[in-house]
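Written out below as structure tokens is the structure these notes cover.
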Amino acid sequence: MKINKIRRNTKAVIYLADLVHAWNKKSMWTMPLGVAYISSYAKKIYGDDVHIELFKDPSDLIKAINKQKPDILGMAYYVWNINLNSSILKMISEKELNIFTIGGGPIFTDLNAKEDVFRGFFNKQKSLDMYILNQGEITFSNVIGKFIECQKNKYCFVLNPIDNTFFNNDGHVIAGDIVNPTFSDLDDIPSPYTSGMLDKFIYNGYVPMIETNRSCPFRCTFCAWGIGSGKLLKFSMERIESDVEYIANNNSKSTTMMIADANFGLLDRDSEIAQFISNQNKQTGFPNYVSVWWSKTRPDKVSKTVKAFDGISDILASVQSLDESVLKAIKRKNLTLEQIQSMNDLVPKQSNKSSTLTSELIIGLPLETMQSNLSANRTLIDMNMAVVNYNLHLIPGTEMDGEKDRGNYFEKTGWRLHDNAYGVYDGKRIFEGQEVVIQTSTMSEDDMREIRFIHFLIHCMWNQKWYFNSLMFIKNIGINPVDIALSINNLIKDPASNLYSLYRDFYDDYATEVFSSEEELYDFWGNDKNFTRLSSGDYGKLNFKFTFEVVFKYSNNFKDIFLNATKVLIHKDIAYKSNTEKNINILSDIIDYDQSTHLKLKNNSLVVKHSRKFNYSVLNWVEDGYVGIDIIKARNIYKFYMNPDEVKNMNMQIDQYSHDNTNATFRKMSEYTKSSLFFYNVELSTENDIEYNIG
């Protein structure tokens with residue numbers, strides 16, 4: 001790690017760290033935008049009096065501290081790096097380095113920022129001197145000024161506490177007044193992009209992230225976004241456009257960009273921002289995909305903004321639940337189903353290469369039941385929406401994490417490993433735990449367990465579109481994909497099933513999501529045998545890991561169980577029972593078609609073209625928008641291929657997230673990438689031979 005040269009008369013050397021567990025793996029690491037804003041504002045105030053370095057990789061930070069210790073170390077705290085930060089602090093303490101250590105981040109908000117809570121926190125983070133609450137730019141700069149004024153004596157803050165800070169005085173907490181210092185104009189924070197401050201992260205393939213506005217007007221009880229941020233503030237259009245243009249012209253390794261707003265599409269100008277980003281895509285090729293958290297209340301503006309993106313961003317209309325009692329308990333206001341449908345009508349439905357309107361549900365919410373969740377899945381899928389089902393985890397600083405909600409709704413919680421949140425640093429194994437709800441007042445532990453595999457099947461087959469065309473045919477004969485998932489679930493858990501090993505392996509891994517304590521989690525993953533699974537890439541998010549097990553390893557077995565599950569439902573007096581044999585034959589051909597569209601590797605290289613014979617005119621049916629079920633019987637050869645730009649894009653991503661474990665590579669690629677990139681284009685072939693072409 002190169003440390004920039006420090007001027008002799010610099011009054012404070014500062015390291016700012018937004019750490020992730022980057023050990024021995026590649027992932028969707030994002031730019032350290034939060035600490036970059038803090039750095040930009042501090043440089044504006046103090047100029048050359050401060051020397052600031054930014055860090056994302058813990059190993060880089062450790063090397064930098066060993067080479068040139070800073071006067072101040074600022075660390076961003078999130079649920080995925082608390083123990084990692086603690087390990088860095090412990091190293092500093094063991095080496096008796098005199099560094100003023102400061103934390104900040106959303107694990108504390110106005111709701112839980114109390115002296116007794118901080119006392120417990122500082123007991124675990126013993127070497128952390130101070131914590132800054134809410135937005136950090138102004139407060140951190142005030143702390144720098146006081147620190148320099150006190151000739152780098154951090155104990156100055158015992159007698160002179162700064163607003164919005166909690167100081168750790170050997171177990172005694174010294175707190176300043178809790179206020180919300182905000183900007184009247186966000187452009188007061190200089191751009192960390194155009195100043196070159198983030199260049200090293202751009203050049204190393206970190207995912208660019210921009211903020212166009214700040215705050216959230218909603219107060220859902222499970223979320224901490226916007227607490228303590230005051231009224232909505234905006235960066236100027238000129239600032240946003242210059243940042244996007246700078247990133248697009250200097251980026252060469254990342255294909256994705258994120259917009260870190262709580263409600264993009266809320267403002268009239270958001271469609272203009274989307275249009276500008278889309279134009280950059282056409283001019284430079286970047287970004288290929290934009291990840292967005294969309295507005296929950298303005299479908300008209302969201303629709304206009306989606307159109308402006310011109311296909312480089314998917315639409316998200318989160319609902320979390322469709323049960324009114326649940327929504328009331330979590331203080332959530334949703335779009336109506338009619339409003340969501342109006343947005344969905346904008347999305348073309350031709351094939352698994354098309355964009356999709358996506359919604360989100362959370363299982364384990366107060367008053368939610370297994371049946372209400374499955375009913376919501378059916379309703380949203382009937383509207384042709386993808387439905388991402390999350391398990392509720394309790395986030396520090398939220399209302400739901402408080403004693404009242406815990407006492408009223410949650411009967412049992414467990415601990416699971418945060419995805420990718422582990423590593424070895426300075427010779428020590430570090431893990432991050434996530435507290436998840438596994439039993440509520442309305443859902444038993446068995447229900448929570450049972451629904452997990454059903455959600456996986458919905459994710460694999462419908463959301464990620466690996467069997468999308470097959471499920472569209474199933475819908476046309478009167479079967480909801482949720483019921484196919486239930487039918488497959490019933491068949492697959494039979495030990496005689498040809499996919500029972502997949503089911504067993506899934507629940508063996510599920511057992512690692514329900515540890516009774518974080519200490520038990522630590523003991524399990526600290527075991528050499530179990531830790532090897534992490535270092536080899538064999539373990540990961542269940543939905544993503546087992547999706548690629550189905551796609552790459554069990555495709556033939558999955559076809560068989562899919563057909564059998566369909567027969568079971570048809571025989572239960574589902575519509576079109578009289579045409580069972582014909583429908584099953586057509587479905588068999590469509591499943592073959594779906595599997596042929598799946599991206600393929602041969603000898604670890606990308607297959608860019610292949611062909612296959614079919615008995616029905618599946619492609620015509622897909623291109624006609626899935627009308628009816630009477631697909632013409634015809635002997636066709638279809639060519640499945642990627643165009644040169646798609647090959648380039650896919651190879652770039654394979655390189656960016658390369659891992660010795662192919663499953664690990666693809667599951668990380670799929671988390672923040674358009675699902676359509678994993679499917680071939682299809683056309684009628686004039687070739688006589690079935691062939692593979694590798695590039």
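Convention: chains lettered A, B, ... in structure tokens order; per-chain residue numbering from 1; ligands numbered from 1 as shown.
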
**OP:** Extract, using only C-alpha atoms, all DNA, RNA and protein residues at most 10 Å from Asp177 (chain A), discarding same-chain residues fewer than 3 positions from it, and format them as a PyMOL selection string.
**Re:** chain A and resi 161-166+180

Original post:
Using only C-alpha atoms, which residues sit within 7 Å of region 97-102 of chain A once same-chain residues fewer than 2 positions away are excluded, as an MDAnalysis selection string?
Top reply: chainID A and resid 70:75 92:93 95 104 128:131 154

**OP:** Just the residues within 6 Å of Ala17 (chain A), please, counting only C-alpha atoms, with nothing from its chain fewer than 2 positions along; format it as a ChimeraX atom specification.
**Re:** /A:19,54-56,75

Residues as selected, N, CA, C and O atoms, written as a PDB file, in the first residue's frame, can you do that?
```pdb
ATOM      1  N   LEU A  19     -14.172  -0.190   6.051  1.00  0.00           N
ATOM      2  CA  LEU A  19     -13.587  -1.510   5.811  1.00  0.00           C
ATOM      3  C   LEU A  19     -14.627  -2.561   5.419  1.00  0.00           C
ATOM      4  O   LEU A  19     -15.752  -2.571   5.908  1.00  0.00           O
ATOM      5  N   LEU A  54      -7.539   7.277   2.522  1.00  0.00           N
ATOM      6  CA  LEU A  54      -8.764   6.483   2.587  1.00  0.00           C
ATOM      7  C   LEU A  54      -8.448   4.999   2.425  1.00  0.00           C
ATOM      8  O   LEU A  54      -7.568   4.625   1.639  1.00  0.00           O
ATOM      9  N   PHE A  55      -9.221   4.155   3.123  1.00  0.00           N
ATOM     10  CA  PHE A  55      -8.972   2.714   3.087  1.00  0.00           C
ATOM     11  C   PHE A  55     -10.282   1.939   3.005  1.00  0.00           C
ATOM     12  O   PHE A  55     -11.278   2.301   3.620  1.00  0.00           O
ATOM     13  N   LYS A  56     -10.233   0.860   2.252  1.00  0.00           N
ATOM     14  CA  LYS A  56     -11.346  -0.089   2.155  1.00  0.00           C
ATOM     15  C   LYS A  56     -10.892  -1.497   2.555  1.00  0.00           C
ATOM     16  O   LYS A  56     -11.621  -2.226   3.202  1.00  0.00           O
ATOM     17  N   MET A  75     -13.150   5.333  11.667  1.00  0.00           N
ATOM     18  CA  MET A  75     -13.634   4.060  11.133  1.00  0.00           C
ATOM     19  C   MET A  75     -15.161   4.085  11.026  1.00  0.00           C
ATOM     20  O   MET A  75     -15.856   4.403  11.988  1.00  0.00           O
TER      21      MET A  75
END
```

Subject >> Minimum-distance residue to Lys253 (chain A), chosen among A:Thr442, A:Ser535, A:Ser359, A:Asn649 (using only C-alpha atoms) >> reply: A:Asn649

Please, which residues of region 156-222 of chain A, numbered as in this document, come out strand (DSSP E) from DSSP, as a JSON list (two decimals) with all heavy atoms, in the first residue's frame?
```
[["chain", "number", "residue", "atom", "x", "y", "z"],
["A", 165, "THR", "N", -21.17, 13.71, 19.85],
["A", 165, "THR", "CA", -20.10, 12.74, 20.09],
["A", 165, "THR", "C", -20.29, 12.07, 21.45],
["A", 165, "THR", "O", -20.88, 12.64, 22.37],
["A", 165, "THR", "CB", -18.70, 13.38, 20.05],
["A", 165, "THR", "OG1", -18.59, 14.32, 21.13],
["A", 165, "THR", "CG2", -18.45, 14.08, 18.72],
["A", 166, "PHE", "N", -19.76, 10.85, 21.54],
["A", 166, "PHE", "CA", -19.69, 10.11, 22.80],
["A", 166, "PHE", "C", -18.23, 9.72, 22.99],
["A", 166, "PHE", "O", -17.63, 9.07, 22.12],
["A", 166, "PHE", "CB", -20.57, 8.86, 22.74],
["A", 166, "PHE", "CG", -22.04, 9.15, 22.75],
["A", 166, "PHE", "CD1", -22.69, 9.57, 21.60],
["A", 166, "PHE", "CD2", -22.78, 9.03, 23.92],
["A", 166, "PHE", "CE1", -24.04, 9.85, 21.59],
["A", 166, "PHE", "CE2", -24.14, 9.31, 23.93],
["A", 166, "PHE", "CZ", -24.77, 9.72, 22.77],
["A", 167, "PHE", "N", -17.65, 10.13, 24.11],
["A", 167, "PHE", "CA", -16.22, 9.90, 24.36],
["A", 167, "PHE", "C", -16.06, 8.80, 25.41],
["A", 167, "PHE", "O", -16.72, 8.79, 26.44],
["A", 167, "PHE", "CB", -15.54, 11.18, 24.84],
["A", 167, "PHE", "CG", -14.05, 11.09, 24.90],
["A", 167, "PHE", "CD1", -13.28, 11.35, 23.78],
["A", 167, "PHE", "CD2", -13.40, 10.72, 26.08],
["A", 167, "PHE", "CE1", -11.89, 11.25, 23.83],
["A", 167, "PHE", "CE2", -12.02, 10.63, 26.14],
["A", 167, "PHE", "CZ", -11.26, 10.89, 25.01],
["A", 168, "ASN", "N", -15.15, 7.86, 25.12],
["A", 168, "ASN", "CA", -14.87, 6.73, 26.01],
["A", 168, "ASN", "C", -13.72, 7.10, 26.95],
["A", 168, "ASN", "O", -12.56, 7.13, 26.55],
["A", 168, "ASN", "CB", -14.49, 5.51, 25.17],
["A", 168, "ASN", "CG", -14.15, 4.30, 26.02],
["A", 168, "ASN", "OD1", -14.46, 4.25, 27.21],
["A", 168, "ASN", "ND2", -13.51, 3.32, 25.39],
["A", 169, "ASN", "N", -14.05, 7.38, 28.19],
["A", 169, "ASN", "CA", -13.04, 7.77, 29.18],
["A", 169, "ASN", "C", -12.85, 6.62, 30.18],
["A", 169, "ASN", "O", -13.37, 6.65, 31.29],
["A", 169, "ASN", "CB", -13.48, 9.05, 29.90],
["A", 169, "ASN", "CG", -12.41, 9.57, 30.85],
["A", 169, "ASN", "OD1", -11.22, 9.37, 30.62],
["A", 169, "ASN", "ND2", -12.84, 10.24, 31.91],
["A", 172, "HIS", "N", -16.10, 5.26, 31.31],
["A", 172, "HIS", "CA", -17.06, 6.32, 31.62],
["A", 172, "HIS", "C", -17.35, 7.09, 30.33],
["A", 172, "HIS", "O", -16.44, 7.50, 29.62],
["A", 172, "HIS", "CB", -16.51, 7.26, 32.70],
["A", 172, "HIS", "CG", -16.21, 6.57, 33.99],
["A", 172, "HIS", "ND1", -17.18, 6.19, 34.88],
["A", 172, "HIS", "CD2", -15.02, 6.18, 34.53],
["A", 172, "HIS", "CE1", -16.62, 5.60, 35.92],
["A", 172, "HIS", "NE2", -15.31, 5.57, 35.73],
["A", 173, "VAL", "N", -18.62, 7.29, 30.04],
["A", 173, "VAL", "CA", -19.01, 7.92, 28.78],
["A", 173, "VAL", "C", -19.22, 9.41, 28.98],
["A", 173, "VAL", "O", -19.97, 9.84, 29.87],
["A", 173, "VAL", "CB", -20.30, 7.28, 28.23],
["A", 173, "VAL", "CG1", -20.74, 8.00, 26.95],
["A", 173, "VAL", "CG2", -20.09, 5.80, 27.96],
["A", 174, "ILE", "N", -18.53, 10.20, 28.17],
["A", 174, "ILE", "CA", -18.69, 11.65, 28.16],
["A", 174, "ILE", "C", -19.43, 12.02, 26.87],
["A", 174, "ILE", "O", -18.94, 11.77, 25.77],
["A", 174, "ILE", "CB", -17.33, 12.38, 28.19],
["A", 174, "ILE", "CG1", -16.44, 11.83, 29.30],
["A", 174, "ILE", "CG2", -17.53, 13.87, 28.31],
["A", 174, "ILE", "CD1", -16.99, 12.04, 30.70],
["A", 175, "ALA", "N", -20.65, 12.57, 27.00],
["A", 175, "ALA", "CA", -21.48, 12.82, 25.83],
["A", 175, "ALA", "C", -21.70, 14.30, 25.60],
["A", 175, "ALA", "O", -21.95, 15.06, 26.55],
["A", 175, "ALA", "CB", -22.83, 12.12, 25.99],
["A", 209, "MET", "N", -20.28, 4.69, -6.64],
["A", 209, "MET", "CA", -21.54, 5.00, -5.98],
["A", 209, "MET", "C", -21.70, 6.51, -5.91],
["A", 209, "MET", "O", -20.73, 7.21, -5.62],
["A", 209, "MET", "CB", -21.53, 4.40, -4.56],
["A", 209, "MET", "CG", -22.76, 4.66, -3.73],
["A", 209, "MET", "SD", -22.56, 4.09, -2.01],
["A", 209, "MET", "CE", -22.44, 2.33, -2.26],
["A", 210, "ILE", "N", -22.88, 7.00, -6.23],
["A", 210, "ILE", "CA", -23.13, 8.44, -6.12],
["A", 210, "ILE", "C", -24.37, 8.67, -5.25],
["A", 210, "ILE", "O", -25.24, 7.80, -5.13],
["A", 210, "ILE", "CB", -23.33, 9.12, -7.48],
["A", 210, "ILE", "CG1", -24.58, 8.59, -8.18],
["A", 210, "ILE", "CG2", -22.10, 8.97, -8.36],
["A", 210, "ILE", "CD1", -25.02, 9.40, -9.38],
["A", 213, "ASN", "N", -29.22, 12.89, -3.52],
["A", 213, "ASN", "CA", -29.88, 13.61, -2.43],
["A", 213, "ASN", "C", -29.64, 12.84, -1.14],
["A", 213, "ASN", "O", -29.12, 11.73, -1.15],
["A", 213, "ASN", "CB", -31.37, 13.83, -2.71],
["A", 213, "ASN", "CG", -32.16, 12.54, -2.76],
["A", 213, "ASN", "OD1", -32.22, 11.78, -1.80],
["A", 213, "ASN", "ND2", -32.79, 12.27, -3.90],
["A", 214, "ARG", "N", -30.04, 13.43, -0.03],
["A", 214, "ARG", "CA", -29.78, 12.81, 1.27],
["A", 214, "ARG", "C", -31.00, 12.95, 2.17],
["A", 214, "ARG", "O", -31.60, 13.99, 2.25],
["A", 214, "ARG", "CB", -28.55, 13.47, 1.91],
["A", 214, "ARG", "CG", -28.07, 12.79, 3.18],
["A", 214, "ARG", "CD", -26.80, 13.46, 3.70],
["A", 214, "ARG", "NE", -25.63, 13.20, 2.87],
["A", 214, "ARG", "CZ", -24.39, 13.57, 3.20],
["A", 214, "ARG", "NH1", -24.18, 14.22, 4.34],
["A", 214, "ARG", "NH2", -23.38, 13.31, 2.40]]
```

Original post:
Rounded to one decimal in Å, what is the spacing between CA of Glu338 (chain A) and CA of Met383 (chain A)?
Top reply: 10.2 Å

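For the pair CA of Met370 (chain A) and CA of Glu450 (chain A), the interatomic distance is 9.2 Å.
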
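Minimum distance to Pro287 (chain A) across A:Pro208, A:Leu499, A:Trp462, A:Leu357 (counting only C-alpha atoms) occurs at A:Pro208.
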
**OP:** Pick out the residues sitting within 10 Å of region 29-36 of chain A, and hand them over as number ranges by chain; count only C-alpha atoms, and ignore anything fewer than 6 positions along from it in its own chain.
**Re:** A: 15-22, 42, 52-57, 74-76, 104-105, 135-137, 189-193, 197-202, 205-211, 256-258, 260

**OP:** Enumerate, as a ChimeraX atom specification, the complete set of residues in region 345-581 of chain A that a backbone-based DSSP assignment places in helix (DSSP H, G or I).
**Re:** /A:370-382,399-401,403-409,445-463,468-476,481-492,500-513,518-526,528-535,542-552,555-570,577-581
